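Trainee: protein04.cif is reproduced in full below (mmCIF, C-alpha atoms).
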```
data_input
loop_
_atom_site.label_atom_id
_atom_site.label_comp_id
_atom_site.auth_asym_id
_atom_site.auth_seq_id
_atom_site.Cartn_x
_atom_site.Cartn_y
_atom_site.Cartn_z
CA MET A 1 -29.11 1.33 31.12
CA THR A 2 -31.20 0.24 28.17
CA ALA A 3 -31.51 -3.37 27.01
CA THR A 4 -29.21 -2.53 24.07
CA GLN A 5 -26.56 -1.18 26.42
CA TRP A 6 -26.75 -4.31 28.60
CA LEU A 7 -26.45 -6.51 25.50
CA THR A 8 -23.53 -4.46 24.19
CA ARG A 9 -21.78 -4.63 27.58
CA ALA A 10 -22.26 -8.41 27.87
CA LEU A 11 -21.16 -9.03 24.30
CA SER A 12 -18.15 -6.74 24.72
CA ALA A 13 -17.07 -8.56 27.88
CA LEU A 14 -17.39 -11.94 26.12
CA LEU A 15 -15.48 -10.71 23.06
CA ALA A 16 -12.78 -9.18 25.25
CA VAL A 17 -12.31 -12.48 27.10
CA ALA A 18 -12.26 -14.41 23.80
CA LEU A 19 -9.70 -12.00 22.29
CA LEU A 20 -7.55 -12.13 25.41
CA LEU A 21 -7.53 -15.95 25.61
CA GLY A 22 -7.11 -16.31 21.85
CA SER A 23 -4.14 -13.94 21.79
CA LEU A 24 -2.49 -15.71 24.73
CA LEU A 25 -3.00 -19.04 22.96
CA VAL A 26 -1.32 -17.68 19.82
CA ILE A 27 1.68 -16.50 21.85
CA ALA A 28 1.91 -19.88 23.62
CA GLU A 29 1.74 -21.79 20.32
CA VAL A 30 4.46 -19.59 18.76
CA VAL A 31 6.74 -20.19 21.74
CA VAL A 32 6.04 -23.95 21.71
CA ALA A 33 6.64 -24.12 17.95
CA ALA A 34 9.92 -22.19 18.36
CA ALA A 35 11.07 -24.99 20.66
CA ASP A 36 10.49 -27.44 17.75
CA ARG A 37 7.46 -29.02 19.38
CA GLY A 38 4.11 -29.81 17.80
CA PRO A 39 0.79 -28.06 18.46
CA TRP A 40 -0.01 -27.62 22.15
CA LEU A 41 -3.72 -26.75 22.40
CA VAL A 42 -4.59 -25.46 18.91
CA PRO A 43 -4.45 -28.17 16.19
CA TYR A 44 -3.19 -25.66 13.63
CA THR A 45 -1.56 -28.33 11.46
CA ASP A 46 -5.00 -29.91 10.94
CA TRP A 47 -6.46 -26.50 10.18
CA THR A 48 -3.82 -25.62 7.58
CA ALA A 49 -4.23 -29.06 5.97
CA TRP A 50 -8.01 -28.49 5.78
CA MET A 51 -7.51 -25.04 4.20
CA ARG A 52 -5.12 -26.48 1.61
CA GLU A 53 -7.72 -29.04 0.58
CA ARG A 54 -10.62 -26.58 0.29
CA SER A 55 -11.07 -24.08 -2.52
CA TRP A 56 -12.75 -20.68 -2.25
CA ASN A 57 -15.92 -21.90 -3.99
CA ASP A 58 -16.33 -24.84 -1.58
CA TRP A 59 -19.77 -24.69 0.10
CA VAL A 60 -18.31 -25.13 3.59
CA VAL A 61 -15.95 -22.19 3.00
CA ASN A 62 -18.83 -20.12 1.62
CA THR A 63 -20.98 -20.95 4.64
CA ILE A 64 -18.21 -19.79 6.96
CA LEU A 65 -17.76 -16.58 4.94
CA VAL A 66 -21.50 -15.85 5.01
CA GLY A 67 -21.40 -16.46 8.77
CA LEU A 68 -18.55 -13.93 9.11
CA VAL A 69 -20.53 -11.32 7.16
CA VAL A 70 -23.68 -11.92 9.22
CA VAL A 71 -21.82 -11.68 12.55
CA GLY A 72 -20.00 -8.58 11.30
CA LEU A 73 -23.27 -6.92 10.29
CA LEU A 74 -24.77 -7.72 13.71
CA LEU A 75 -21.78 -6.11 15.43
CA LEU A 76 -22.07 -3.06 13.17
CA PHE A 77 -25.80 -2.83 13.92
CA LEU A 78 -25.12 -2.94 17.67
CA ALA A 79 -22.38 -0.34 17.33
CA VAL A 80 -24.40 2.24 15.39
CA ARG A 81 -27.85 1.66 16.91
CA ARG A 82 -28.82 4.48 19.23
CA GLY A 83 -32.17 3.18 20.40
CA LYS A 84 -34.47 4.89 22.83
CA PRO A 85 -32.85 6.88 25.64
CA ALA A 86 -32.77 5.19 29.06
CA THR A 87 -33.12 8.53 30.81
CA LEU A 88 -34.19 12.05 29.94
CA PRO A 89 -32.41 15.01 31.56
CA LEU A 90 -34.55 17.53 33.41
CA ARG A 91 -33.92 21.27 33.42
CA GLY A 92 -31.42 22.26 36.08
CA ARG A 93 -32.68 24.12 39.14
CA THR A 94 -29.85 23.76 41.62
CA PRO A 95 -26.24 24.31 40.55
CA GLY A 96 -24.23 21.09 40.59
CA VAL A 97 -27.34 18.87 40.68
CA ASP A 98 -28.19 16.93 37.53
CA VAL A 99 -31.59 15.29 37.57
CA LYS A 100 -32.73 12.72 35.07
CA ALA A 101 -36.00 10.88 34.79
CA SER A 102 -36.12 7.38 33.43
CA ARG A 103 -37.86 7.10 30.09
CA LYS A 104 -40.38 4.69 31.61
CA SER A 105 -41.29 7.12 34.36
CA VAL A 106 -41.95 9.85 31.77
CA GLU A 107 -44.00 7.45 29.64
CA ARG A 108 -46.09 6.42 32.65
CA SER A 109 -46.56 10.00 33.70
CA LEU A 110 -47.77 10.99 30.22
CA ALA A 111 -50.06 7.96 29.95
CA ALA A 112 -51.54 8.78 33.35
CA ALA A 113 -52.10 12.42 32.38
CA VAL A 114 -53.84 11.46 29.14
CA SER A 115 -56.00 8.81 30.79
CA ARG A 116 -57.37 11.49 33.14
CA THR A 117 -58.66 13.46 30.18
CA SER A 118 -62.44 13.40 29.96
CA GLY A 119 -63.58 10.99 27.23
CA VAL A 120 -60.42 8.84 27.30
CA THR A 121 -60.59 5.30 28.67
CA GLY A 122 -56.93 4.43 28.40
CA ALA A 123 -53.63 5.59 26.96
CA GLU A 124 -50.16 4.42 26.07
CA ALA A 125 -47.08 6.60 25.71
CA SER A 126 -43.79 5.93 24.01
CA VAL A 127 -40.88 8.36 24.34
CA ARG A 128 -38.11 8.66 21.77
CA ARG A 129 -35.14 11.02 21.66
CA ARG A 130 -37.02 13.98 20.19
CA SER A 131 -40.66 13.03 20.21
CA THR A 132 -43.30 11.20 22.15
CA ARG A 133 -46.07 9.10 20.69
CA ILE A 134 -49.36 8.97 22.53
CA GLU A 135 -52.12 6.52 21.74
CA ALA A 136 -55.39 7.27 23.49
CA ARG A 137 -58.55 5.22 23.44
CA ALA A 138 -61.74 7.25 23.25
CA ALA A 139 -64.72 6.37 25.42
CA THR A 140 -67.16 6.97 22.61
CA ARG A 141 -67.16 6.63 18.84
CA SER A 142 -67.16 10.39 18.36
CA GLN A 143 -63.75 12.00 18.84
CA SER A 144 -64.46 15.62 17.96
CA GLY A 145 -62.16 17.88 19.95
CA LEU A 146 -60.71 15.01 21.93
CA ARG A 147 -57.39 15.05 20.10
CA GLN A 148 -56.83 18.70 21.05
CA GLU A 149 -57.67 17.95 24.66
CA VAL A 150 -55.24 15.03 24.73
CA GLU A 151 -52.53 17.19 23.14
CA SER A 152 -53.13 19.87 25.75
CA ALA A 153 -52.86 17.29 28.54
CA VAL A 154 -49.60 15.98 27.10
CA THR A 155 -48.12 19.45 26.64
CA ALA A 156 -49.11 20.45 30.17
CA ARG A 157 -47.54 17.31 31.63
CA LEU A 158 -44.36 17.77 29.62
CA ASP A 159 -44.14 21.36 30.88
CA SER A 160 -44.60 20.27 34.48
CA LEU A 161 -41.93 17.58 34.13
CA GLY A 162 -39.43 20.22 33.01
CA LEU A 163 -37.50 18.16 30.51
CA ALA A 164 -34.27 19.77 29.32
CA ARG A 165 -35.12 19.00 25.71
CA ASN A 166 -38.58 19.56 24.28
CA LEU A 167 -40.34 16.46 23.03
CA ARG A 168 -42.66 16.81 20.06
CA PRO A 169 -45.97 15.11 20.93
CA ARG A 170 -47.61 12.90 18.31
CA VAL A 171 -51.12 12.05 19.38
CA ARG A 172 -53.42 9.41 17.95
CA VAL A 173 -56.89 8.92 19.29
CA TYR A 174 -58.63 5.66 18.55
CA PRO A 175 -62.38 5.48 18.60
CA LYS A 176 -64.07 3.06 20.93
CA ASP A 177 -63.74 -0.65 19.95
CA ARG A 178 -61.10 0.02 17.30
CA ARG A 179 -57.29 0.01 17.20
CA MET B 1 -24.70 10.60 29.60
CA ARG B 2 -22.96 7.72 27.92
CA SER B 3 -20.04 6.25 29.86
CA ARG B 4 -16.55 5.84 28.47
CA ALA B 5 -17.00 2.05 28.49
CA ASP B 6 -20.08 2.37 26.27
CA THR B 7 -18.22 4.60 23.83
CA ALA B 8 -15.26 2.20 23.76
CA ASN B 9 -17.64 -0.73 23.20
CA ARG B 10 -19.25 0.99 20.25
CA ILE B 11 -15.90 1.81 18.66
CA VAL B 12 -14.45 -1.69 19.15
CA LEU B 13 -17.63 -3.44 18.03
CA PHE B 14 -17.75 -1.20 14.97
CA LEU B 15 -14.13 -1.99 14.05
CA LEU B 16 -14.58 -5.73 14.66
CA GLY B 17 -17.82 -5.71 12.65
CA LEU B 18 -16.14 -3.86 9.81
CA LEU B 19 -13.23 -6.32 9.86
CA LEU B 20 -15.54 -9.36 9.75
CA VAL B 21 -17.72 -7.91 6.98
CA ALA B 22 -14.64 -6.95 4.94
CA ALA B 23 -12.99 -10.38 5.40
CA GLY B 24 -16.20 -12.31 4.70
CA GLY B 25 -17.17 -10.07 1.79
CA LEU B 26 -13.74 -10.32 0.20
CA GLY B 27 -13.79 -14.12 0.55
CA LEU B 28 -17.26 -14.33 -0.97
CA ALA B 29 -16.18 -12.05 -3.83
CA LEU B 30 -13.25 -14.42 -4.44
CA SER B 31 -15.49 -17.49 -4.39
CA LEU B 32 -17.93 -15.85 -6.84
CA GLY B 33 -15.12 -15.13 -9.28
CA ALA B 34 -15.01 -11.35 -8.84
CA PHE B 35 -11.20 -11.49 -9.08
CA GLY B 36 -11.15 -14.08 -11.89
CA ASP B 37 -12.80 -17.46 -12.20
CA TRP B 38 -9.53 -19.30 -11.70
CA ARG B 39 -9.17 -17.82 -8.21
CA ALA B 40 -12.51 -19.33 -7.14
CA THR B 41 -11.07 -22.82 -7.53
CA TYR B 42 -7.80 -21.90 -5.81
CA PRO B 43 -7.13 -23.42 -2.33
CA VAL B 44 -7.99 -21.19 0.63
CA LEU B 45 -4.40 -21.63 1.80
CA PRO B 46 -2.07 -21.84 -1.23
CA GLU B 47 1.21 -23.68 -0.91
CA GLU B 48 3.31 -20.53 -1.35
CA VAL B 49 1.49 -18.84 1.53
CA ARG B 50 1.83 -21.92 3.76
CA THR B 51 5.57 -22.21 3.18
CA PHE B 52 6.26 -18.45 3.41
CA PRO B 53 6.82 -18.40 7.21
CA ASP B 54 9.38 -21.26 6.84
CA LYS B 55 11.57 -18.89 4.81
CA GLU B 56 10.90 -15.92 7.11
CA PRO B 57 11.21 -17.17 10.71
CA TRP B 58 10.79 -13.62 12.11
CA LEU B 59 7.16 -13.68 10.92
CA TRP B 60 5.95 -15.83 13.83
CA TRP B 61 7.62 -13.54 16.34
CA ALA B 62 5.88 -10.61 14.66
CA VAL B 63 2.61 -12.55 14.98
CA ALA B 64 3.36 -13.17 18.66
CA GLY B 65 4.04 -9.44 19.12
CA ILE B 66 0.72 -8.51 17.51
CA ALA B 67 -1.01 -11.15 19.66
CA LEU B 68 0.60 -9.64 22.78
CA LEU B 69 -0.63 -6.17 21.80
CA THR B 70 -4.11 -7.58 21.12
CA ALA B 71 -4.09 -9.35 24.51
CA LEU B 72 -3.18 -6.09 26.28
CA LEU B 73 -5.89 -4.14 24.46
CA ALA B 74 -8.43 -6.91 25.18
CA MET B 75 -7.49 -6.80 28.88
CA LEU B 76 -8.00 -3.02 28.95
CA TRP B 77 -11.31 -3.46 27.17
CA LEU B 78 -12.40 -6.11 29.69
CA MET B 79 -11.34 -3.94 32.63
CA ALA B 80 -13.39 -1.05 31.22
CA GLN B 81 -16.51 -3.26 31.48
CA LEU B 82 -15.84 -4.13 35.11
CA ARG B 83 -14.78 -0.68 36.33
CA THR B 84 -17.43 0.92 38.55
CA HIS B 85 -15.60 4.13 39.63
CA ARG B 86 -17.08 3.54 43.08
CA VAL B 87 -15.33 5.30 45.96
CA SER B 88 -15.30 3.79 49.45
CA ARG B 89 -13.78 6.74 51.35
CA LEU B 90 -13.82 10.48 50.94
CA ASP B 91 -10.81 12.45 52.10
CA ARG B 92 -12.17 15.66 53.62
CA THR B 93 -8.89 16.84 55.16
CA THR B 94 -8.60 20.61 54.97
CA ASP B 95 -5.32 21.06 56.87
CA ALA B 96 -3.08 17.99 57.37
CA ARG B 97 -1.32 19.67 60.31
CA GLU B 98 -4.57 19.55 62.25
CA GLY B 99 -5.25 15.92 61.39
CA TYR B 100 -6.88 13.87 58.71
CA THR B 101 -10.60 13.60 58.10
CA THR B 102 -11.98 10.63 56.23
CA LEU B 103 -15.63 10.09 55.50
CA HIS B 104 -16.74 6.52 54.84
CA ALA B 105 -18.82 6.57 51.68
CA GLY B 106 -20.99 3.75 53.02
CA ALA B 107 -22.06 5.83 56.03
CA LEU B 108 -23.02 8.75 53.82
CA THR B 109 -24.85 6.68 51.21
CA LYS B 110 -26.75 4.75 53.92
CA ALA B 111 -27.90 8.02 55.49
CA VAL B 112 -28.96 9.35 52.09
CA GLU B 113 -30.83 6.14 51.23
CA ASP B 114 -32.64 6.21 54.58
CA GLU B 115 -33.64 9.85 54.18
CA VAL B 116 -34.81 9.45 50.59
CA GLY B 117 -36.56 6.15 51.40
CA GLY B 118 -38.74 8.03 53.89
CA ILE B 119 -40.13 10.42 51.30
CA PRO B 120 -43.73 9.54 50.29
CA GLY B 121 -43.86 7.98 46.83
CA VAL B 122 -40.35 6.54 47.07
CA THR B 123 -40.15 2.75 47.14
CA ARG B 124 -36.37 2.40 47.15
CA ALA B 125 -33.29 4.58 47.03
CA SER B 126 -29.75 3.67 46.11
CA ALA B 127 -26.74 5.96 46.45
CA ARG B 128 -23.06 5.63 45.63
CA ILE B 129 -20.03 7.88 45.53
CA HIS B 130 -18.08 7.85 42.26
CA ASP B 131 -14.90 9.50 41.05
CA HIS B 132 -15.59 9.55 37.31
CA PRO B 133 -16.05 11.79 35.37
CA ARG B 134 -15.69 13.78 38.61
CA LEU B 135 -16.15 13.12 42.29
CA GLY B 136 -19.83 13.12 43.15
CA LEU B 137 -22.83 11.26 44.44
CA ALA B 138 -25.16 9.26 42.20
CA LEU B 139 -28.61 8.76 43.61
CA THR B 140 -31.19 6.45 42.04
CA VAL B 141 -34.72 6.85 43.30
CA ASP B 142 -37.37 4.24 42.58
CA MET B 143 -40.83 5.69 42.88
CA THR B 144 -44.41 4.55 42.63
CA ASP B 145 -46.51 5.20 39.53
CA THR B 146 -48.54 7.77 41.41
CA ALA B 147 -45.53 9.77 42.64
CA ASP B 148 -45.41 13.39 41.51
CA ILE B 149 -42.03 13.76 39.80
CA ASP B 150 -41.99 17.55 40.23
CA ARG B 151 -42.77 17.43 43.96
CA LEU B 152 -40.36 14.58 44.58
CA ARG B 153 -37.63 16.46 42.78
CA THR B 154 -38.28 19.58 44.83
CA GLN B 155 -38.02 17.60 48.07
CA LEU B 156 -34.80 15.96 46.96
CA GLU B 157 -33.15 19.18 45.83
CA ASN B 158 -34.34 21.27 48.77
CA ASN B 159 -33.58 18.81 51.56
CA VAL B 160 -31.44 15.83 50.60
CA VAL B 161 -28.94 17.72 48.45
CA GLY B 162 -28.36 20.24 51.24
CA HIS B 163 -27.77 17.50 53.80
CA VAL B 164 -25.29 15.68 51.56
CA ARG B 165 -23.33 18.83 50.84
CA GLU B 166 -23.31 19.73 54.52
CA ALA B 167 -22.02 16.24 55.38
CA VAL B 168 -19.14 16.35 52.92
CA GLY B 169 -18.38 19.99 53.70
CA ASP B 170 -18.64 21.09 50.11
CA LEU B 171 -21.54 23.32 49.12
CA GLU B 172 -20.98 22.56 45.45
CA PHE B 173 -20.58 18.78 45.75
CA PRO B 174 -21.92 17.36 42.44
CA ILE B 175 -25.00 15.16 42.71
CA ASN B 176 -26.69 13.15 39.96
CA ILE B 177 -30.24 12.06 40.60
CA GLU B 178 -32.12 9.52 38.51
CA LEU B 179 -35.84 9.14 39.03
CA ARG B 180 -37.37 5.92 37.83
CA PRO B 181 -40.47 3.84 38.41
CA ASP B 182 -40.22 0.77 40.59
CA VAL B 183 -40.61 -1.87 37.89
CA ARG B 184 -41.07 -4.69 40.40
CA ARG B 185 -44.14 -3.12 41.90
CA THR B 186 -45.61 -1.44 38.86
CA PRO B 187 -45.28 -3.81 35.90
CA ALA B 188 -47.66 -2.25 33.39
CA ARG B 189 -47.13 0.94 31.38
CA THR B 190 -50.66 1.11 30.02
CA VAL B 191 -53.10 3.18 31.98
CA THR B 192 -56.73 2.26 31.53
#
```
I'd like the structure from this file rewritten - as structure tokens, please.
Mentor:
Amino acid sequence: MTATQWLTRALSALLAVALLLGSLLVIAEVVVAAADRGPWLVPYTDWTAWMRERSWNDWVVNTILVGLVVVGLLLLFLAVRRGKPATLPLRGRTPGVDVKASRKSVERSLAAAVSRTSGVTGAEASVRRRSTRIEARAATRSQSGLRQEVESAVTARLDSLGLARNLRPRVRVYPKDRR
Amino acid sequence: MRSRADTANRIVLFLLGLLLVAAGGLGLALSLGAFGDWRATYPVLPEEVRTFPDKEPWLWWAVAGIALLTALLAMLWLMAQLRTHRVSRLDRTTDAREGYTTLHAGALTKAVEDEVGGIPGVTRASARIHDHPRLGLALTVDMTDTADIDRLRTQLENNVVGHVREAVGDLEFPINIELRPDVRRTPARTVT
């Protein structure tokens, strides 16, 4: 699972617990109030008195409303964000066997393949859903032809990995002593 | 593949987010005078709204009913987070008249983990039997940075898969394999 998925899971569990407890509290307060008794755990009489005293343009009310909008936007962001994939499916070879490679393993494999290219001192790879970005550091200031060699190394490694979906390589070669 | 819990989380978070943005936005629009300047100075809880439930006693029971429904949905949502779909036993009975055959999932997964753990380049293996979306074995293989993914995959599919299917007596038993680097032993992603 990706960090976003972990965050979403944790937040969802917390929200579910809060909703569950909150709803049970509401039911309890309704039952207690029906028996002509005052507030049990939720001081709702204080809350209603506070809301009767405050107008819509009160700064405290506005702060709360801005807070609601901000929290709502954060939840919407978490809900629609797709992020990088945690795993990448590999082409099937055996019926009934699904093989996936973690994104990190593919990134490391690509970085290792590029770093073995002659004239490259180091490389970093970042895999997205449809493309992969490679940043290679050249050993010398001159980079003529190196970009093609790096691209070839990336393409060859991607072919050997056998990913189910083709990733478009985007290669950048940095000259020595510059990023 | 995204699990049902993840899909449910996205839907619920989207709806809750939309609700909060709509409520907050509407309140801010009120306070800024979008619905008339006089409304901006109006109390958040007007007297007629506060006294309305006193005239309609059924309202609180309706609120309690909605709260009960919300509590049930929240409980289902919470259970979806905790559900693992892990299976502890596999019923491999072919003919009940000849007796029952049960395979302990732990015995199978331990054997798989031991076999996979012995493959060069593998630092750790973890297996579990699940029943969702269908009965099958999920195998997670942690490997070193230097491990050849293609060769490792070949070994897993040629040997381990066959052994698992032989053990469960099903030559089409579904198996999901995830190959990943061992992050504890290989912290850096940059190769220099």
Trainee: Which of these, A:Ser131, A:Thr2, A:Thr94, A:Thr117, has the shortest distance to Ile175 in chain B once you count all atoms listed in the file?
Mentor: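 Among the listed residues, A:Thr94 lies closest to Ile175 in chain B.
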Trainee: Check the smallest atom-to-atom distance from each of A:Asp46, A:Leu7, A:Pro39, A:Ser160 to chain B using all atoms listed in the file, then report the winner.
Mentor: A:Ser160
Trainee: For CA of Lys104 in chain A and CA of Glu135 in chain A, quote the distance in Å rounded to one decimal.
Mentor: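 Between these atoms lies a distance of 15.4 Å.
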Trainee: Using the chain letters and numbers from the file, which residues does the PyMOL selection byres ((chain B) within 6 of (chain A)) grab, as a VMD selection string?
Mentor: chain B and resid 10 13 to 14 17 20 to 21 24 31 40 to 45 64 67 71 74 78 174 to 181 189 to 192
Trainee: When the PyMOL selection byres ((chain B and resi 113-124) around 8) is applied to the structure above, which residues does it catch, written out as a ChimeraX atom specification?
Mentor: /B:109-112,125-127,141-144,146-148,152,156,160,182
Trainee: Could you state the separation of CA of Gly136 in chain B and CA of Arg86 in chain B in Å, given to one decimal place?
Mentor: 10.0 Å
Trainee: May I have the centre and edge lengths, in Å to one decimal, of an axis-aligned box around the listed atoms of range 110-123 of chain B with 8 Å added to every side, as lines of an AutoDock Vina configuration file?
Mentor:
```
center_x = -35.3
center_y = 6.6
center_z = 51.2
size_x = 33.1
size_y = 23.7
size_z = 24.7
```
Trainee: Separation of CA of Met79 in chain B and CA of Ala5 in chain B, in Å?
Mentor: 9.2 Å
Trainee: Can you pull out the residues contacting Ala105 in chain B? Cut-off 12 Å, using all atoms listed in the file, and skip same-chain residues under 5 positions away; I want them as a VMD selection string.
Mentor: chain B and resid 86 to 92 110 to 112 127 to 131 135 to 138 164 167 to 168
Trainee: Hey, can you spit out that residue selection with C-alpha atoms as a CSV table (one decimal), keeping the file's coordinate frame?
Mentor:
```csv
chain,number,residue,atom,x,y,z
B,86,ARG,CA,-17.1,3.5,43.1
B,87,VAL,CA,-15.3,5.3,46.0
B,88,SER,CA,-15.3,3.8,49.4
B,89,ARG,CA,-13.8,6.7,51.4
B,90,LEU,CA,-13.8,10.5,50.9
B,91,ASP,CA,-10.8,12.4,52.1
B,92,ARG,CA,-12.2,15.7,53.6
B,110,LYS,CA,-26.8,4.8,53.9
B,111,ALA,CA,-27.9,8.0,55.5
B,112,VAL,CA,-29.0,9.4,52.1
B,127,ALA,CA,-26.7,6.0,46.4
B,128,ARG,CA,-23.1,5.6,45.6
B,129,ILE,CA,-20.0,7.9,45.5
B,130,HIS,CA,-18.1,7.8,42.3
B,131,ASP,CA,-14.9,9.5,41.0
B,135,LEU,CA,-16.2,13.1,42.3
B,136,GLY,CA,-19.8,13.1,43.2
B,137,LEU,CA,-22.8,11.3,44.4
B,138,ALA,CA,-25.2,9.3,42.2
B,164,VAL,CA,-25.3,15.7,51.6
B,167,ALA,CA,-22.0,16.2,55.4
B,168,VAL,CA,-19.1,16.4,52.9
```
Trainee: Near Ala8 in chain B, within 8 Å and counting all atoms listed in the file, which residues show up once chain neighbours fewer than 4 positions away are dropped, as a list in words?
Mentor: Arg4, Val12 and Trp77 of chain B
Trainee: I'd like to see the residues matched by the PyMOL selection byres ((chain A and resi 155) around 10) on this file, and ideally I'd get them as an MDAnalysis selection string.
Mentor: chainID A and resid 110 113 149:154 156:161 166:169
